[in-house]
Amino acid sequence: MQHRYFIHLSFDGTAYHGWQVQPQSVSVQSVVEHALATILRHTVNITGAGRTDAGVHARHMVAHFDAEELDCQQLTYKLNRLLPHDIAIERIERVGADMHARYSAKRRTYHYYIHTQKDVFRRAHSCEIHYPLDFDAMNTAARWLLQVEDFAAFCKSNSDVKTTLCQVMQAEWSCQGQGRWCFTITANRFLRNMVRAIVGTLIDVGRGRLDLQGFKNVVGSHARTQAGESMPAKALFLWKVEY
């Protein structure tokens, strides 16, 4: 009898072409599927809670697969022994047959990290900014996102999505220490490239290129060409998936 299992994992996305299987490229999904197939001795297809772009990391990703009765603790141990150093399985759990890693998720949280002083130990997972930023203005604009329904202005062009409607529950910048900042955003769903485009546009606010009304106009335009640049992937983390 087949049962459904959730895998809770984390990964450093530096070496991968995103989460989803890609032809001619190494993805996190393909590496985990290969490891599962090696241990279970049959092909295993897993479905993730979402797609992360090339170079994006995950502090908490969830994926599901179906299999016969398993010892979850033993499988977790074996996978961690087999997987490369940049992918770690936190735990595997059996869930109800109706649970789906992507469609059952209620909230997802992302973190984006920036630092304003040269820091050799943060360069791989944070974006270095070389100009002063007004974080109060950035937070005023970020809070306004909680009133927005349509995020088309922050969706990558030519994305194959049925709707650009999202519900954002949290969006704020917080200081993590001297010259270190984190943008936290939580929503029921995210569009492709959405967080990195929002961060880029908020940085335009912080630099004085946009005031609050200008930021509102960008969002209301529903045009990606009006929003800020897409920030580097290396500083973005899928932080938490909630069910």
# chains A, B, ... in the order shown; residues from 1 in each chain; ligands from 1

call {"tool": "residues_around", "arguments": {"residues": "Arg91 of chain A", "least_positions_apart": "4", "cutoff": "8 Å", "atoms": "only C-alpha atoms", "output": "MDAnalysis selection string"}}
result
chainID A and resid 7:9 72:73 76

call {"tool": "residues_around", "arguments": {"residues": "segment 58-67 of chain A", "least_positions_apart": "5", "cutoff": "10 Å", "atoms": "only C-alpha atoms", "output": "ChimeraX atom specification"}}
result
/A:1-13,19,29,33,36,40,42,44-52,87-95,97,99-102,105,108-111,236-242

call {"tool": "residues_around", "arguments": {"residues": "Ser221 of chain A", "least_positions_apart": "4", "cutoff": "12 Å", "atoms": "only C-alpha atoms", "output": "PyMOL selection string"}}
result
chain A and resi 150-154+214-217+225-227

call {"tool": "write_last_selection", "arguments": {"atoms": "all heavy atoms", "output": "PDB file, in the first residue's frame"}}
result
ATOM      1  N   ASP A 150      -2.882  42.447  -6.635  1.00  0.00           N
ATOM      2  CA  ASP A 150      -2.295  42.027  -7.911  1.00  0.00           C
ATOM      3  C   ASP A 150      -0.816  42.417  -7.952  1.00  0.00           C
ATOM      4  O   ASP A 150      -0.473  43.596  -7.880  1.00  0.00           O
ATOM      5  CB  ASP A 150      -3.042  42.681  -9.074  1.00  0.00           C
ATOM      6  CG  ASP A 150      -2.705  42.048 -10.417  1.00  0.00           C
ATOM      7  OD1 ASP A 150      -1.589  41.513 -10.563  1.00  0.00           O
ATOM      8  OD2 ASP A 150      -3.557  42.091 -11.332  1.00  0.00           O
ATOM      9  N   PHE A 151       0.055  41.412  -8.075  1.00  0.00           N
ATOM     10  CA  PHE A 151       1.501  41.641  -8.054  1.00  0.00           C
ATOM     11  C   PHE A 151       2.129  41.430  -9.430  1.00  0.00           C
ATOM     12  O   PHE A 151       3.300  41.061  -9.525  1.00  0.00           O
ATOM     13  CB  PHE A 151       2.153  40.731  -7.017  1.00  0.00           C
ATOM     14  CG  PHE A 151       1.888  41.168  -5.601  1.00  0.00           C
ATOM     15  CD1 PHE A 151       0.703  40.843  -4.968  1.00  0.00           C
ATOM     16  CD2 PHE A 151       2.813  41.936  -4.919  1.00  0.00           C
ATOM     17  CE1 PHE A 151       0.442  41.264  -3.662  1.00  0.00           C
ATOM     18  CE2 PHE A 151       2.575  42.360  -3.613  1.00  0.00           C
ATOM     19  CZ  PHE A 151       1.378  42.018  -2.987  1.00  0.00           C
ATOM     20  N   ALA A 152       1.372  41.695 -10.487  1.00  0.00           N
ATOM     21  CA  ALA A 152       1.875  41.507 -11.851  1.00  0.00           C
ATOM     22  C   ALA A 152       3.135  42.321 -12.110  1.00  0.00           C
ATOM     23  O   ALA A 152       4.002  41.909 -12.885  1.00  0.00           O
ATOM     24  CB  ALA A 152       0.791  41.866 -12.867  1.00  0.00           C
ATOM     25  N   ALA A 153       3.274  43.484 -11.461  1.00  0.00           N
ATOM     26  CA  ALA A 153       4.448  44.340 -11.685  1.00  0.00           C
ATOM     27  C   ALA A 153       5.738  43.676 -11.220  1.00  0.00           C
ATOM     28  O   ALA A 153       6.828  44.079 -11.630  1.00  0.00           O
ATOM     29  CB  ALA A 153       4.264  45.672 -10.958  1.00  0.00           C
ATOM     30  N   PHE A 154       5.608  42.654 -10.364  1.00  0.00           N
ATOM     31  CA  PHE A 154       6.785  41.977  -9.830  1.00  0.00           C
ATOM     32  C   PHE A 154       6.911  40.540 -10.337  1.00  0.00           C
ATOM     33  O   PHE A 154       7.666  39.741  -9.780  1.00  0.00           O
ATOM     34  CB  PHE A 154       6.735  41.972  -8.300  1.00  0.00           C
ATOM     35  CG  PHE A 154       6.619  43.347  -7.699  1.00  0.00           C
ATOM     36  CD1 PHE A 154       5.496  43.713  -6.973  1.00  0.00           C
ATOM     37  CD2 PHE A 154       7.627  44.280  -7.871  1.00  0.00           C
ATOM     38  CE1 PHE A 154       5.390  44.973  -6.416  1.00  0.00           C
ATOM     39  CE2 PHE A 154       7.532  45.558  -7.322  1.00  0.00           C
ATOM     40  CZ  PHE A 154       6.405  45.903  -6.591  1.00  0.00           C
ATOM     41  N   GLY A 214       5.154  57.081  -5.983  1.00  0.00           N
ATOM     42  CA  GLY A 214       5.800  56.466  -7.144  1.00  0.00           C
ATOM     43  C   GLY A 214       5.819  54.954  -7.032  1.00  0.00           C
ATOM     44  O   GLY A 214       5.616  54.241  -8.029  1.00  0.00           O
ATOM     45  N   PHE A 215       6.054  54.449  -5.811  1.00  0.00           N
ATOM     46  CA  PHE A 215       6.031  53.000  -5.577  1.00  0.00           C
ATOM     47  C   PHE A 215       4.633  52.450  -5.855  1.00  0.00           C
ATOM     48  O   PHE A 215       4.483  51.407  -6.502  1.00  0.00           O
ATOM     49  CB  PHE A 215       6.448  52.717  -4.137  1.00  0.00           C
ATOM     50  CG  PHE A 215       6.506  51.260  -3.787  1.00  0.00           C
ATOM     51  CD1 PHE A 215       7.569  50.466  -4.200  1.00  0.00           C
ATOM     52  CD2 PHE A 215       5.493  50.664  -3.039  1.00  0.00           C
ATOM     53  CE1 PHE A 215       7.631  49.113  -3.873  1.00  0.00           C
ATOM     54  CE2 PHE A 215       5.543  49.318  -2.712  1.00  0.00           C
ATOM     55  CZ  PHE A 215       6.612  48.546  -3.120  1.00  0.00           C
ATOM     56  N   LYS A 216       3.606  53.156  -5.373  1.00  0.00           N
ATOM     57  CA  LYS A 216       2.220  52.731  -5.626  1.00  0.00           C
ATOM     58  C   LYS A 216       1.922  52.731  -7.121  1.00  0.00           C
ATOM     59  O   LYS A 216       1.217  51.836  -7.624  1.00  0.00           O
ATOM     60  CB  LYS A 216       1.241  53.640  -4.887  1.00  0.00           C
ATOM     61  CG  LYS A 216       1.279  53.518  -3.381  1.00  0.00           C
ATOM     62  CD  LYS A 216       0.267  54.466  -2.735  1.00  0.00           C
ATOM     63  CE  LYS A 216       0.273  54.330  -1.217  1.00  0.00           C
ATOM     64  NZ  LYS A 216      -0.724  55.247  -0.588  1.00  0.00           N
ATOM     65  N   ASN A 217       2.442  53.704  -7.822  1.00  0.00           N
ATOM     66  CA  ASN A 217       2.210  53.782  -9.271  1.00  0.00           C
ATOM     67  C   ASN A 217       2.852  52.593  -9.987  1.00  0.00           C
ATOM     68  O   ASN A 217       2.288  52.061 -10.956  1.00  0.00           O
ATOM     69  CB  ASN A 217       2.769  55.084  -9.833  1.00  0.00           C
ATOM     70  CG  ASN A 217       1.991  56.306  -9.371  1.00  0.00           C
ATOM     71  OD1 ASN A 217       0.857  56.183  -8.908  1.00  0.00           O
ATOM     72  ND2 ASN A 217       2.598  57.475  -9.483  1.00  0.00           N
ATOM     73  N   THR A 225       8.183  46.041 -16.403  1.00  0.00           N
ATOM     74  CA  THR A 225       9.157  47.002 -16.900  1.00  0.00           C
ATOM     75  C   THR A 225       9.204  48.277 -16.047  1.00  0.00           C
ATOM     76  O   THR A 225      10.172  49.031 -16.119  1.00  0.00           O
ATOM     77  CB  THR A 225       8.849  47.397 -18.347  1.00  0.00           C
ATOM     78  OG1 THR A 225       7.481  47.853 -18.431  1.00  0.00           O
ATOM     79  CG2 THR A 225       9.046  46.215 -19.285  1.00  0.00           C
ATOM     80  N   GLN A 226       8.170  48.511 -15.248  1.00  0.00           N
ATOM     81  CA  GLN A 226       8.124  49.706 -14.409  1.00  0.00           C
ATOM     82  C   GLN A 226       8.794  49.507 -13.050  1.00  0.00           C
ATOM     83  O   GLN A 226       9.136  50.470 -12.365  1.00  0.00           O
ATOM     84  CB  GLN A 226       6.666  50.142 -14.195  1.00  0.00           C
ATOM     85  CG  GLN A 226       5.931  50.521 -15.453  1.00  0.00           C
ATOM     86  CD  GLN A 226       6.609  51.675 -16.185  1.00  0.00           C
ATOM     87  OE1 GLN A 226       6.830  52.741 -15.601  1.00  0.00           O
ATOM     88  NE2 GLN A 226       6.930  51.476 -17.457  1.00  0.00           N
ATOM     89  N   ALA A 227       8.956  48.252 -12.634  1.00  0.00           N
ATOM     90  CA  ALA A 227       9.520  47.944 -11.324  1.00  0.00           C
ATOM     91  C   ALA A 227      11.046  47.962 -11.363  1.00  0.00           C
ATOM     92  O   ALA A 227      11.662  48.063 -12.422  1.00  0.00           O
ATOM     93  CB  ALA A 227       9.010  46.589 -10.840  1.00  0.00           C
TER      94      ALA A 227
END

call {"tool": "closest_residue", "arguments": {"among": "A:Ile203, A:Val161, A:Val148, A:Val21", "to": "Ile129 of chain A", "atoms": "only C-alpha atoms"}}
result
A:Ile203

call {"tool": "closest_residue", "arguments": {"among": "A:Val219, A:Val205, A:Ile185, A:Ala197", "to": "Arg107 of chain A", "atoms": "only C-alpha atoms"}}
result
A:Ile185

call {"tool": "atom_distance", "arguments": {"atom1": "atom CA of Asn193 of chain A", "atom2": "atom CA of Asp211 of chain A"}}
result
22.7 Å

call {"tool": "select_by_dssp", "arguments": {"residues": "segment 14-187 of chain A", "states": "strand (DSSP E or B)", "output": "ChimeraX atom specification"}}
result
/A:22,25,47-48,57-67,87-95,107-115,127-128,150,165,168-177,180-187

call {"tool": "decode", "arguments": {"residues": "segment 144-188 of chain A", "atoms": "N, CA and C atoms", "output": "PDB file, in the first residue's frame"}}
result
ATOM      1  N   TRP A 144       2.762  48.895   2.715  1.00  0.00           N
ATOM      2  CA  TRP A 144       1.652  49.126   1.790  1.00  0.00           C
ATOM      3  C   TRP A 144       1.355  47.881   0.950  1.00  0.00           C
ATOM      4  N   LEU A 145       2.335  47.005   0.792  1.00  0.00           N
ATOM      5  CA  LEU A 145       2.128  45.785   0.014  1.00  0.00           C
ATOM      6  C   LEU A 145       1.047  44.900   0.623  1.00  0.00           C
ATOM      7  N   LEU A 146       0.773  45.052   1.915  1.00  0.00           N
ATOM      8  CA  LEU A 146      -0.265  44.252   2.568  1.00  0.00           C
ATOM      9  C   LEU A 146      -1.659  44.608   2.049  1.00  0.00           C
ATOM     10  N   GLN A 147      -1.771  45.750   1.384  1.00  0.00           N
ATOM     11  CA  GLN A 147      -3.056  46.168   0.815  1.00  0.00           C
ATOM     12  C   GLN A 147      -3.179  45.798  -0.665  1.00  0.00           C
ATOM     13  N   VAL A 148      -2.100  45.288  -1.242  1.00  0.00           N
ATOM     14  CA  VAL A 148      -2.073  44.985  -2.675  1.00  0.00           C
ATOM     15  C   VAL A 148      -2.626  43.588  -2.942  1.00  0.00           C
ATOM     16  N   GLU A 149      -3.357  43.437  -4.028  1.00  0.00           N
ATOM     17  CA  GLU A 149      -3.873  42.124  -4.433  1.00  0.00           C
ATOM     18  C   GLU A 149      -3.163  41.585  -5.672  1.00  0.00           C
ATOM     19  N   ASP A 150      -2.882  42.447  -6.635  1.00  0.00           N
ATOM     20  CA  ASP A 150      -2.295  42.027  -7.911  1.00  0.00           C
ATOM     21  C   ASP A 150      -0.816  42.417  -7.952  1.00  0.00           C
ATOM     22  N   PHE A 151       0.055  41.412  -8.075  1.00  0.00           N
ATOM     23  CA  PHE A 151       1.501  41.641  -8.054  1.00  0.00           C
ATOM     24  C   PHE A 151       2.129  41.430  -9.430  1.00  0.00           C
ATOM     25  N   ALA A 152       1.372  41.695 -10.487  1.00  0.00           N
ATOM     26  CA  ALA A 152       1.875  41.507 -11.851  1.00  0.00           C
ATOM     27  C   ALA A 152       3.135  42.321 -12.110  1.00  0.00           C
ATOM     28  N   ALA A 153       3.274  43.484 -11.461  1.00  0.00           N
ATOM     29  CA  ALA A 153       4.448  44.340 -11.685  1.00  0.00           C
ATOM     30  C   ALA A 153       5.738  43.676 -11.220  1.00  0.00           C
ATOM     31  N   PHE A 154       5.608  42.654 -10.364  1.00  0.00           N
ATOM     32  CA  PHE A 154       6.785  41.977  -9.830  1.00  0.00           C
ATOM     33  C   PHE A 154       6.911  40.540 -10.337  1.00  0.00           C
ATOM     34  N   CYS A 155       6.192  40.224 -11.381  1.00  0.00           N
ATOM     35  CA  CYS A 155       6.226  38.872 -11.951  1.00  0.00           C
ATOM     36  C   CYS A 155       7.121  38.862 -13.183  1.00  0.00           C
ATOM     37  N   LYS A 156       7.993  37.887 -13.264  1.00  0.00           N
ATOM     38  CA  LYS A 156       8.908  37.799 -14.402  1.00  0.00           C
ATOM     39  C   LYS A 156       8.120  37.743 -15.700  1.00  0.00           C
ATOM     40  N   SER A 157       8.566  38.486 -16.690  1.00  0.00           N
ATOM     41  CA  SER A 157       7.878  38.545 -17.983  1.00  0.00           C
ATOM     42  C   SER A 157       7.767  37.162 -18.607  1.00  0.00           C
ATOM     43  N   ASN A 158       6.651  36.930 -19.272  1.00  0.00           N
ATOM     44  CA  ASN A 158       6.367  35.683 -19.984  1.00  0.00           C
ATOM     45  C   ASN A 158       6.228  34.465 -19.047  1.00  0.00           C
ATOM     46  N   SER A 159       5.953  34.715 -17.763  1.00  0.00           N
ATOM     47  CA  SER A 159       5.729  33.600 -16.847  1.00  0.00           C
ATOM     48  C   SER A 159       4.381  32.959 -17.139  1.00  0.00           C
ATOM     49  N   ASP A 160       4.354  31.645 -17.066  1.00  0.00           N
ATOM     50  CA  ASP A 160       3.128  30.899 -17.363  1.00  0.00           C
ATOM     51  C   ASP A 160       2.332  30.720 -16.071  1.00  0.00           C
ATOM     52  N   VAL A 161       1.603  31.781 -15.672  1.00  0.00           N
ATOM     53  CA  VAL A 161       0.794  31.726 -14.458  1.00  0.00           C
ATOM     54  C   VAL A 161      -0.645  32.079 -14.795  1.00  0.00           C
ATOM     55  N   LYS A 162      -1.572  31.431 -14.094  1.00  0.00           N
ATOM     56  CA  LYS A 162      -2.996  31.676 -14.348  1.00  0.00           C
ATOM     57  C   LYS A 162      -3.476  32.961 -13.699  1.00  0.00           C
ATOM     58  N   THR A 163      -2.851  33.336 -12.582  1.00  0.00           N
ATOM     59  CA  THR A 163      -3.243  34.560 -11.888  1.00  0.00           C
ATOM     60  C   THR A 163      -2.022  35.192 -11.227  1.00  0.00           C
ATOM     61  N   THR A 164      -2.038  36.513 -11.136  1.00  0.00           N
ATOM     62  CA  THR A 164      -0.965  37.230 -10.450  1.00  0.00           C
ATOM     63  C   THR A 164      -1.456  37.789  -9.115  1.00  0.00           C
ATOM     64  N   LEU A 165      -2.568  37.250  -8.628  1.00  0.00           N
ATOM     65  CA  LEU A 165      -3.112  37.669  -7.343  1.00  0.00           C
ATOM     66  C   LEU A 165      -2.408  36.918  -6.212  1.00  0.00           C
ATOM     67  N   CYS A 166      -1.979  37.647  -5.193  1.00  0.00           N
ATOM     68  CA  CYS A 166      -1.329  37.071  -4.015  1.00  0.00           C
ATOM     69  C   CYS A 166      -1.804  37.832  -2.785  1.00  0.00           C
ATOM     70  N   GLN A 167      -1.752  37.172  -1.651  1.00  0.00           N
ATOM     71  CA  GLN A 167      -2.072  37.830  -0.384  1.00  0.00           C
ATOM     72  C   GLN A 167      -0.818  37.890   0.476  1.00  0.00           C
ATOM     73  N   VAL A 168      -0.280  39.088   0.645  1.00  0.00           N
ATOM     74  CA  VAL A 168       0.910  39.293   1.472  1.00  0.00           C
ATOM     75  C   VAL A 168       0.477  39.600   2.899  1.00  0.00           C
ATOM     76  N   MET A 169       0.991  38.848   3.864  1.00  0.00           N
ATOM     77  CA  MET A 169       0.640  39.040   5.272  1.00  0.00           C
ATOM     78  C   MET A 169       1.711  39.792   6.055  1.00  0.00           C
ATOM     79  N   GLN A 170       2.952  39.787   5.552  1.00  0.00           N
ATOM     80  CA  GLN A 170       4.056  40.450   6.239  1.00  0.00           C
ATOM     81  C   GLN A 170       5.063  40.912   5.206  1.00  0.00           C
ATOM     82  N   ALA A 171       5.598  42.123   5.395  1.00  0.00           N
ATOM     83  CA  ALA A 171       6.653  42.641   4.521  1.00  0.00           C
ATOM     84  C   ALA A 171       7.381  43.721   5.295  1.00  0.00           C
ATOM     85  N   GLU A 172       8.594  43.437   5.734  1.00  0.00           N
ATOM     86  CA  GLU A 172       9.322  44.425   6.527  1.00  0.00           C
ATOM     87  C   GLU A 172      10.819  44.193   6.502  1.00  0.00           C
ATOM     88  N   TRP A 173      11.548  45.314   6.660  1.00  0.00           N
ATOM     89  CA  TRP A 173      13.000  45.290   6.809  1.00  0.00           C
ATOM     90  C   TRP A 173      13.347  45.341   8.286  1.00  0.00           C
ATOM     91  N   SER A 174      14.303  44.541   8.709  1.00  0.00           N
ATOM     92  CA  SER A 174      14.752  44.560  10.098  1.00  0.00           C
ATOM     93  C   SER A 174      16.275  44.555  10.136  1.00  0.00           C
ATOM     94  N   CYS A 175      16.829  45.274  11.110  1.00  0.00           N
ATOM     95  CA  CYS A 175      18.276  45.353  11.267  1.00  0.00           C
ATOM     96  C   CYS A 175      18.773  44.111  11.985  1.00  0.00           C
ATOM     97  N   GLN A 176      19.791  43.479  11.419  1.00  0.00           N
ATOM     98  CA  GLN A 176      20.356  42.259  11.981  1.00  0.00           C
ATOM     99  C   GLN A 176      21.687  42.506  12.695  1.00  0.00           C
ATOM    100  N   GLY A 177      22.076  43.770  12.799  1.00  0.00           N
ATOM    101  CA  GLY A 177      23.380  44.114  13.363  1.00  0.00           C
ATOM    102  C   GLY A 177      23.992  45.235  12.548  1.00  0.00           C
ATOM    103  N   GLN A 178      25.167  45.660  12.904  1.00  0.00           N
ATOM    104  CA  GLN A 178      25.822  46.775  12.230  1.00  0.00           C
ATOM    105  C   GLN A 178      25.938  46.550  10.722  1.00  0.00           C
ATOM    106  N   GLY A 179      25.180  47.357   9.954  1.00  0.00           N
ATOM    107  CA  GLY A 179      25.270  47.282   8.498  1.00  0.00           C
ATOM    108  C   GLY A 179      24.641  46.060   7.869  1.00  0.00           C
ATOM    109  N   ARG A 180      23.837  45.306   8.633  1.00  0.00           N
ATOM    110  CA  ARG A 180      23.212  44.089   8.106  1.00  0.00           C
ATOM    111  C   ARG A 180      21.691  44.183   8.237  1.00  0.00           C
ATOM    112  N   TRP A 181      20.997  43.912   7.130  1.00  0.00           N
ATOM    113  CA  TRP A 181      19.543  44.035   7.101  1.00  0.00           C
ATOM    114  C   TRP A 181      18.914  42.812   6.439  1.00  0.00           C
ATOM    115  N   CYS A 182      17.697  42.521   6.867  1.00  0.00           N
ATOM    116  CA  CYS A 182      16.943  41.397   6.297  1.00  0.00           C
ATOM    117  C   CYS A 182      15.541  41.857   5.929  1.00  0.00           C
ATOM    118  N   PHE A 183      15.119  41.535   4.725  1.00  0.00           N
ATOM    119  CA  PHE A 183      13.736  41.770   4.301  1.00  0.00           C
ATOM    120  C   PHE A 183      12.974  40.466   4.445  1.00  0.00           C
ATOM    121  N   THR A 184      11.904  40.496   5.225  1.00  0.00           N
ATOM    122  CA  THR A 184      11.065  39.319   5.444  1.00  0.00           C
ATOM    123  C   THR A 184       9.715  39.537   4.784  1.00  0.00           C
ATOM    124  N   ILE A 185       9.287  38.588   3.980  1.00  0.00           N
ATOM    125  CA  ILE A 185       7.981  38.694   3.332  1.00  0.00           C
ATOM    126  C   ILE A 185       7.268  37.350   3.400  1.00  0.00           C
ATOM    127  N   THR A 186       6.010  37.387   3.827  1.00  0.00           N
ATOM    128  CA  THR A 186       5.182  36.188   3.946  1.00  0.00           C
ATOM    129  C   THR A 186       3.925  36.360   3.099  1.00  0.00           C
ATOM    130  N   ALA A 187       3.567  35.335   2.345  1.00  0.00           N
ATOM    131  CA  ALA A 187       2.366  35.391   1.510  1.00  0.00           C
ATOM    132  C   ALA A 187       1.808  33.989   1.312  1.00  0.00           C
ATOM    133  N   ASN A 188       0.581  33.935   0.816  1.00  0.00           N
ATOM    134  CA  ASN A 188      -0.020  32.619   0.540  1.00  0.00           C
ATOM    135  C   ASN A 188       0.617  31.963  -0.674  1.00  0.00           C
TER     136      ASN A 188
END
